[in-house]
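J.: To be precise about what I am sending: the file is called query.txt and holds compact mmCIF, C-alpha atoms.
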```txt
# COMPACT_ATOMS: atom_id res chain seq x y z
CA MET A 1 79.61 116.97 118.78
CA ILE A 2 81.27 114.76 121.40
CA ILE A 3 78.76 112.53 123.19
CA GLU A 4 78.31 109.26 125.05
CA SER A 5 76.91 106.27 123.21
CA PRO A 6 73.11 106.08 123.44
CA PHE A 7 73.55 102.34 122.72
CA ASN A 8 75.56 101.40 125.82
CA GLY A 9 76.54 104.60 127.67
CA THR A 10 80.28 104.44 126.90
CA ILE A 11 82.05 107.80 126.74
CA PRO A 12 84.96 109.18 124.71
CA LYS A 13 88.39 109.60 126.32
CA ILE A 14 90.34 112.42 124.66
CA HIS A 15 93.79 113.77 125.45
CA PRO A 16 93.59 117.52 126.17
CA THR A 17 96.24 118.32 123.52
CA ALA A 18 94.16 116.80 120.70
CA PHE A 19 92.65 119.11 118.07
CA ILE A 20 89.04 118.19 117.26
CA ALA A 21 87.55 120.41 114.51
CA THR A 22 84.26 122.13 115.26
CA ASP A 23 81.99 119.81 113.24
CA VAL A 24 83.63 116.46 114.05
CA VAL A 25 81.33 113.81 115.54
CA ILE A 26 82.75 111.53 118.24
CA ILE A 27 80.38 109.06 119.87
CA GLY A 28 80.93 106.51 122.62
CA ASP A 29 83.91 104.22 123.19
CA VAL A 30 86.60 106.29 121.45
CA GLU A 31 90.12 106.95 122.78
CA ILE A 32 92.17 109.74 121.22
CA GLY A 33 95.88 110.20 122.03
CA ALA A 34 98.05 113.25 122.54
CA TYR A 35 98.44 115.76 119.71
CA THR A 36 96.15 113.85 117.39
CA ASN A 37 94.22 116.07 115.00
CA ILE A 38 90.79 115.25 113.65
CA TRP A 39 89.63 117.47 110.80
CA PHE A 40 86.34 118.89 109.61
CA GLY A 41 83.52 116.48 108.83
CA ALA A 42 85.16 113.37 110.33
CA LYS A 43 82.99 110.85 112.18
CA LEU A 44 84.26 108.44 114.87
CA ARG A 45 81.34 106.32 115.94
CA GLY A 46 82.21 104.07 118.87
CA ASP A 47 78.61 103.34 119.72
CA TRP A 48 78.88 99.53 119.31
CA GLY A 49 82.59 98.82 118.99
CA LYS A 50 85.73 100.52 120.29
CA ILE A 51 87.91 103.00 118.38
CA ILE A 52 91.48 103.64 119.53
CA VAL A 53 93.52 106.43 117.92
CA GLY A 54 97.16 106.84 118.97
CA GLU A 55 99.32 109.91 119.38
CA ASN A 56 100.34 112.44 116.69
CA THR A 57 97.85 110.96 114.23
CA SER A 58 95.94 112.94 111.59
CA ILE A 59 92.41 111.92 110.66
CA GLN A 60 91.56 114.19 107.79
CA ASP A 61 88.34 115.73 106.53
CA ASN A 62 85.25 113.52 106.08
CA SER A 63 86.89 110.29 107.23
CA VAL A 64 84.72 107.68 108.97
CA LEU A 65 85.79 105.21 111.67
CA HIS A 66 83.40 102.56 113.03
CA SER A 67 83.46 98.93 114.13
CA ARG A 68 81.26 95.89 114.51
CA PRO A 69 79.81 95.32 118.00
CA ASN A 70 82.47 94.36 120.57
CA GLU A 71 85.28 94.73 118.00
CA ILE A 72 88.09 97.31 117.71
CA CYS A 73 89.12 99.79 115.03
CA LYS A 74 92.70 100.67 116.00
CA VAL A 75 94.78 103.45 114.47
CA GLY A 76 98.38 103.71 115.67
CA ASN A 77 100.77 106.56 116.38
CA ASN A 78 102.01 108.98 113.71
CA VAL A 79 99.44 107.76 111.18
CA ARG A 80 97.87 109.83 108.43
CA LEU A 81 94.35 108.98 107.25
CA GLY A 82 93.76 110.96 104.06
CA HIS A 83 90.57 112.81 103.20
CA SER A 84 87.37 110.71 103.09
CA CYS A 85 88.94 107.47 104.35
CA MET A 86 86.84 104.62 105.70
CA CYS A 87 88.13 102.38 108.49
CA HIS A 88 85.67 99.72 109.62
CA GLY A 89 86.73 97.35 112.38
CA PRO A 90 87.84 95.02 113.37
CA CYS A 91 90.87 96.54 111.64
CA THR A 92 94.31 97.92 112.51
CA ILE A 93 96.39 100.68 110.98
CA GLU A 94 99.91 100.35 112.42
CA ASP A 95 102.29 103.17 113.40
CA TYR A 96 103.77 105.51 110.76
CA SER A 97 101.41 104.33 108.03
CA LEU A 98 99.45 106.33 105.49
CA VAL A 99 95.95 105.63 104.17
CA GLY A 100 95.45 107.58 100.94
CA ILE A 101 92.50 109.75 99.96
CA HIS A 102 89.23 107.81 99.58
CA ALA A 103 90.88 104.52 100.60
CA SER A 104 89.17 101.96 102.84
CA VAL A 105 90.48 99.57 105.46
CA LEU A 106 87.68 97.07 106.02
CA GLU A 107 86.94 94.30 108.50
CA GLY A 108 89.97 92.07 108.93
CA GLY A 109 92.36 94.59 107.38
CA ARG A 110 95.75 95.36 108.90
CA LEU A 111 98.00 97.97 107.32
CA GLY A 112 101.56 97.27 108.51
CA THR A 113 104.00 99.63 110.15
CA GLY A 114 105.35 102.28 107.77
CA SER A 115 103.12 101.06 104.94
CA VAL A 116 100.99 103.00 102.46
CA LEU A 117 97.52 102.17 101.16
CA ALA A 118 97.17 104.12 97.91
CA GLY A 119 94.26 106.49 97.34
CA GLY A 120 91.00 104.80 96.35
CA SER A 121 92.23 101.35 97.37
CA VAL A 122 90.35 98.79 99.47
CA LEU A 123 92.19 96.65 102.03
CA ARG A 124 90.61 93.56 103.62
CA ASP A 125 93.75 91.55 104.42
CA LYS A 126 96.91 91.82 106.48
CA THR A 127 99.89 93.55 104.85
CA GLU A 128 103.62 93.48 105.31
CA ASP A 129 105.43 96.35 106.98
CA PHE A 130 107.12 99.11 104.92
CA SER A 131 105.23 98.33 101.73
CA LEU A 132 102.92 100.01 99.23
CA TYR A 133 99.51 98.45 98.54
CA ALA A 134 97.09 99.61 95.86
CA GLY A 135 93.96 98.53 94.01
CA ILE A 136 90.60 96.89 94.66
CA PRO A 137 91.35 94.61 96.34
CA ALA A 138 94.66 96.09 97.46
CA ILE A 139 97.74 94.12 96.47
CA LYS A 140 101.41 94.68 97.24
CA LYS A 141 103.12 96.90 94.68
CA LYS A 142 106.52 97.39 96.29
CA THR A 143 108.61 97.24 99.45
CA TYR A 144 110.31 100.37 100.70
CA PRO A 145 114.05 99.72 100.91
CA ASN A 146 114.63 102.64 103.31
CA LYS A 147 112.71 101.98 106.49
CA ASN A 148 113.18 105.54 107.75
CA LEU A 149 110.02 106.16 109.76
CA ASN A 150 110.47 109.94 109.57
CA GLU A 151 109.51 109.63 105.91
CA PHE A 152 105.96 108.90 107.07
CA SER A 153 105.84 111.32 109.99
CA SER A 154 102.79 113.37 110.77
CA ASN A 155 104.58 116.31 112.42
CA LEU A 156 103.30 118.83 109.86
CA TYR A 157 99.69 117.90 110.71
CA VAL A 158 100.37 118.00 114.45
CA LYS A 159 101.72 121.56 114.12
CA ASN A 160 98.80 122.62 111.91
CA GLY A 161 96.26 121.11 114.31
CA GLN A 162 97.81 122.99 117.21
CA LYS A 163 97.60 126.25 115.23
CA PHE A 164 93.90 125.63 114.52
CA LYS A 165 93.32 124.76 118.19
CA LYS A 166 95.07 127.95 119.35
CA ALA A 167 93.01 130.01 116.84
CA GLY A 168 89.78 128.65 118.38
CA TYR A 169 88.68 126.36 115.54
CA GLY A 170 88.41 123.29 117.72
CA GLN A 171 85.61 121.92 119.84
CA LYS A 172 85.66 122.38 123.56
CA ILE A 173 86.10 118.87 124.91
CA PRO A 174 83.72 118.21 127.82
CA GLU A 175 85.76 117.91 131.02
CA GLU A 176 84.37 114.46 131.84
CA TYR A 177 85.81 113.16 128.54
CA LEU A 178 89.36 114.45 129.05
CA ILE A 179 92.18 112.03 129.81
CA THR A 180 93.70 113.29 133.07
CA GLU A 181 96.65 110.93 133.60
```
Can the structure in the file be given as structure tokens, please?

T.:
Amino acid sequence: MIIESPFNGTIPKIHPTAFIATDVVIIGDVEIGAYTNIWFGAKLRGDWGKIIVGENTSIQDNSVLHSRPNEICKVGNNVRLGHSCMCHGPCTIEDYSLVGIHASVLEGGRLGTGSVLAGGSVLRDKTEDFSLYAGIPAIKKKTYPNKNLNEFSSNLYVKNGQKFKKAGYGQKIPEEYLITE
């Protein structure tokens, strides 16, 4: 289901190359970039606040993105949000980062570029780039010495999303919600 916000009438803006699984819910002020893939059961509720998702990003099954009124939940490019993640804005997940299965980025959280939030962890603070954070609350466990961003790439998920889209397992995006740049 892809619909406008009944709260304030804002509408989603979705790149036509994005894969949106058949049962994903996208409501209101949500922007989704090129080749992003959003998997079964995910909910992106931009009814009060804005949600921005970059390009080549994978939002996996049963993840939830939301934000406080007039705030932003921002997910960068080439990001992977593992299964059943929670991202509640205002928060930012920078490019090439990974949020592990069942992890949460809460209000005020910022996961740095090329960083990892371990599965089951809860982040409420700002992190350094190229680092691993884990625990409740999440604390820094290590810095990655090799800052090779390809290590965190999401290309596999982009390719898989395009295969699912081609096979007809994606939602038809209403024309008025397509980005037509």

J.: Under the rule that all atoms listed in the file are counted, which of A:Val116, A:Ile20, A:Val158, A:Lys165 is the nearest residue to Thr143 of chain A?

T.: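 Among the listed residues, A:Val116 lies closest to Thr143 of chain A.
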
J.: Could you state the separation of atom CA of Gly100 of chain A and atom CA of Lys140 of chain A in Å, given to one decimal place?

T.: 14.7 Å

J.: Neighbours of Ser115 of chain A within 9 Å (only C-alpha atoms; same-chain residues fewer than 3 positions away dropped), as a PyMOL selection string?

T.: chain A and resi 94-99+111-112+127-133+143-144+152

J.: From the list A:Ala42, A:Val64, A:Val53, A:Val122, which residue is nearest Val79 of chain A when using only C-alpha atoms?

T.: A:Val53

J.: Please indicate the distance in Å from atom CA of Cys85 of chain A to atom CA of Phe40 of chain A, rounded to one decimal place.

T.: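 One can read the atom CA of Cys85 of chain A to atom CA of Phe40 of chain A distance as 12.8 Å.
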
J.: Of the candidates A:Val105, A:Gly41, A:Phe19, A:Ala118, which shows the shortest atom-to-atom distance to Gly168 of chain A, using all atoms listed in the file?

T.: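 Answer, going by the shortest atom-to-atom distance: A:Phe19.
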
J.: Between atom CA of Ile2 of chain A and atom CA of Pro69 of chain A, what is the spacing in Å?

T.: 19.8 Å

J.: Go through A:Lys159, A:Lys147, A:Arg45, A:Arg124 one by one, measure the shortest atom-to-atom distance of each to Ser58 of chain A using all atoms listed in the file, and give the residue with the smallest value.

T.: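 Closest residue, counting all atoms listed in the file: A:Lys159.
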
J.: Within 10 Å of Glu175 of chain A, counting only C-alpha atoms, which residues qualify if same-chain residues fewer than 5 places away don't, as a list in words?

T.: Lys13, Ile14, Pro16 and Thr180 of chain A

J.: Would you save the residues of that selection, restricted to C-alpha atoms, as a PDB file, in the coordinates of the input?

T.:
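part.pdb, written as the output of this step:
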```pdb
ATOM      1  CA  LYS A  13      88.390 109.600 126.320  1.00  0.00           C
ATOM      2  CA  ILE A  14      90.340 112.420 124.660  1.00  0.00           C
ATOM      3  CA  PRO A  16      93.590 117.520 126.170  1.00  0.00           C
ATOM      4  CA  THR A 180      93.700 113.290 133.070  1.00  0.00           C
TER       5      THR A 180
END
```

J.: So that I can see what lies close to Gly9 of chain A, please list as a ChimeraX atom specification the residues with an atom at most 10 Å from it, counting all atoms listed in the file and leaving out residues fewer than 6 positions away in the same chain.

T.: /A:3,27-29,47

J.: I need the residue nearest Met1 of chain A from this list: A:Ser63, A:Gln171, A:Thr17, A:Ser84. Use all atoms listed in the file for the distance.

T.: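 So, comparing all the options, the nearest one is A:Gln171.
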
J.: Taking (97.9, 106.2, 115.7) in the file's own coordinates, collect the residues within 6 Å, counting only C-alpha atoms, and hand them back as a ChimeraX atom specification.

T.: /A:53-55,57,75-79,95

J.: Please produce an output containing C-alpha atoms for each residue in the selection, written as a compact mmCIF listing (two decimals), in the frame of the given file.

T.:
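Printed below is result-v3.txt as written:
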```
# COMPACT_ATOMS: atom_id res chain seq x y z
CA VAL A 53 93.52 106.43 117.92
CA GLY A 54 97.16 106.84 118.97
CA GLU A 55 99.32 109.91 119.38
CA THR A 57 97.85 110.96 114.23
CA VAL A 75 94.78 103.45 114.47
CA GLY A 76 98.38 103.71 115.67
CA ASN A 77 100.77 106.56 116.38
CA ASN A 78 102.01 108.98 113.71
CA VAL A 79 99.44 107.76 111.18
CA ASP A 95 102.29 103.17 113.40
```
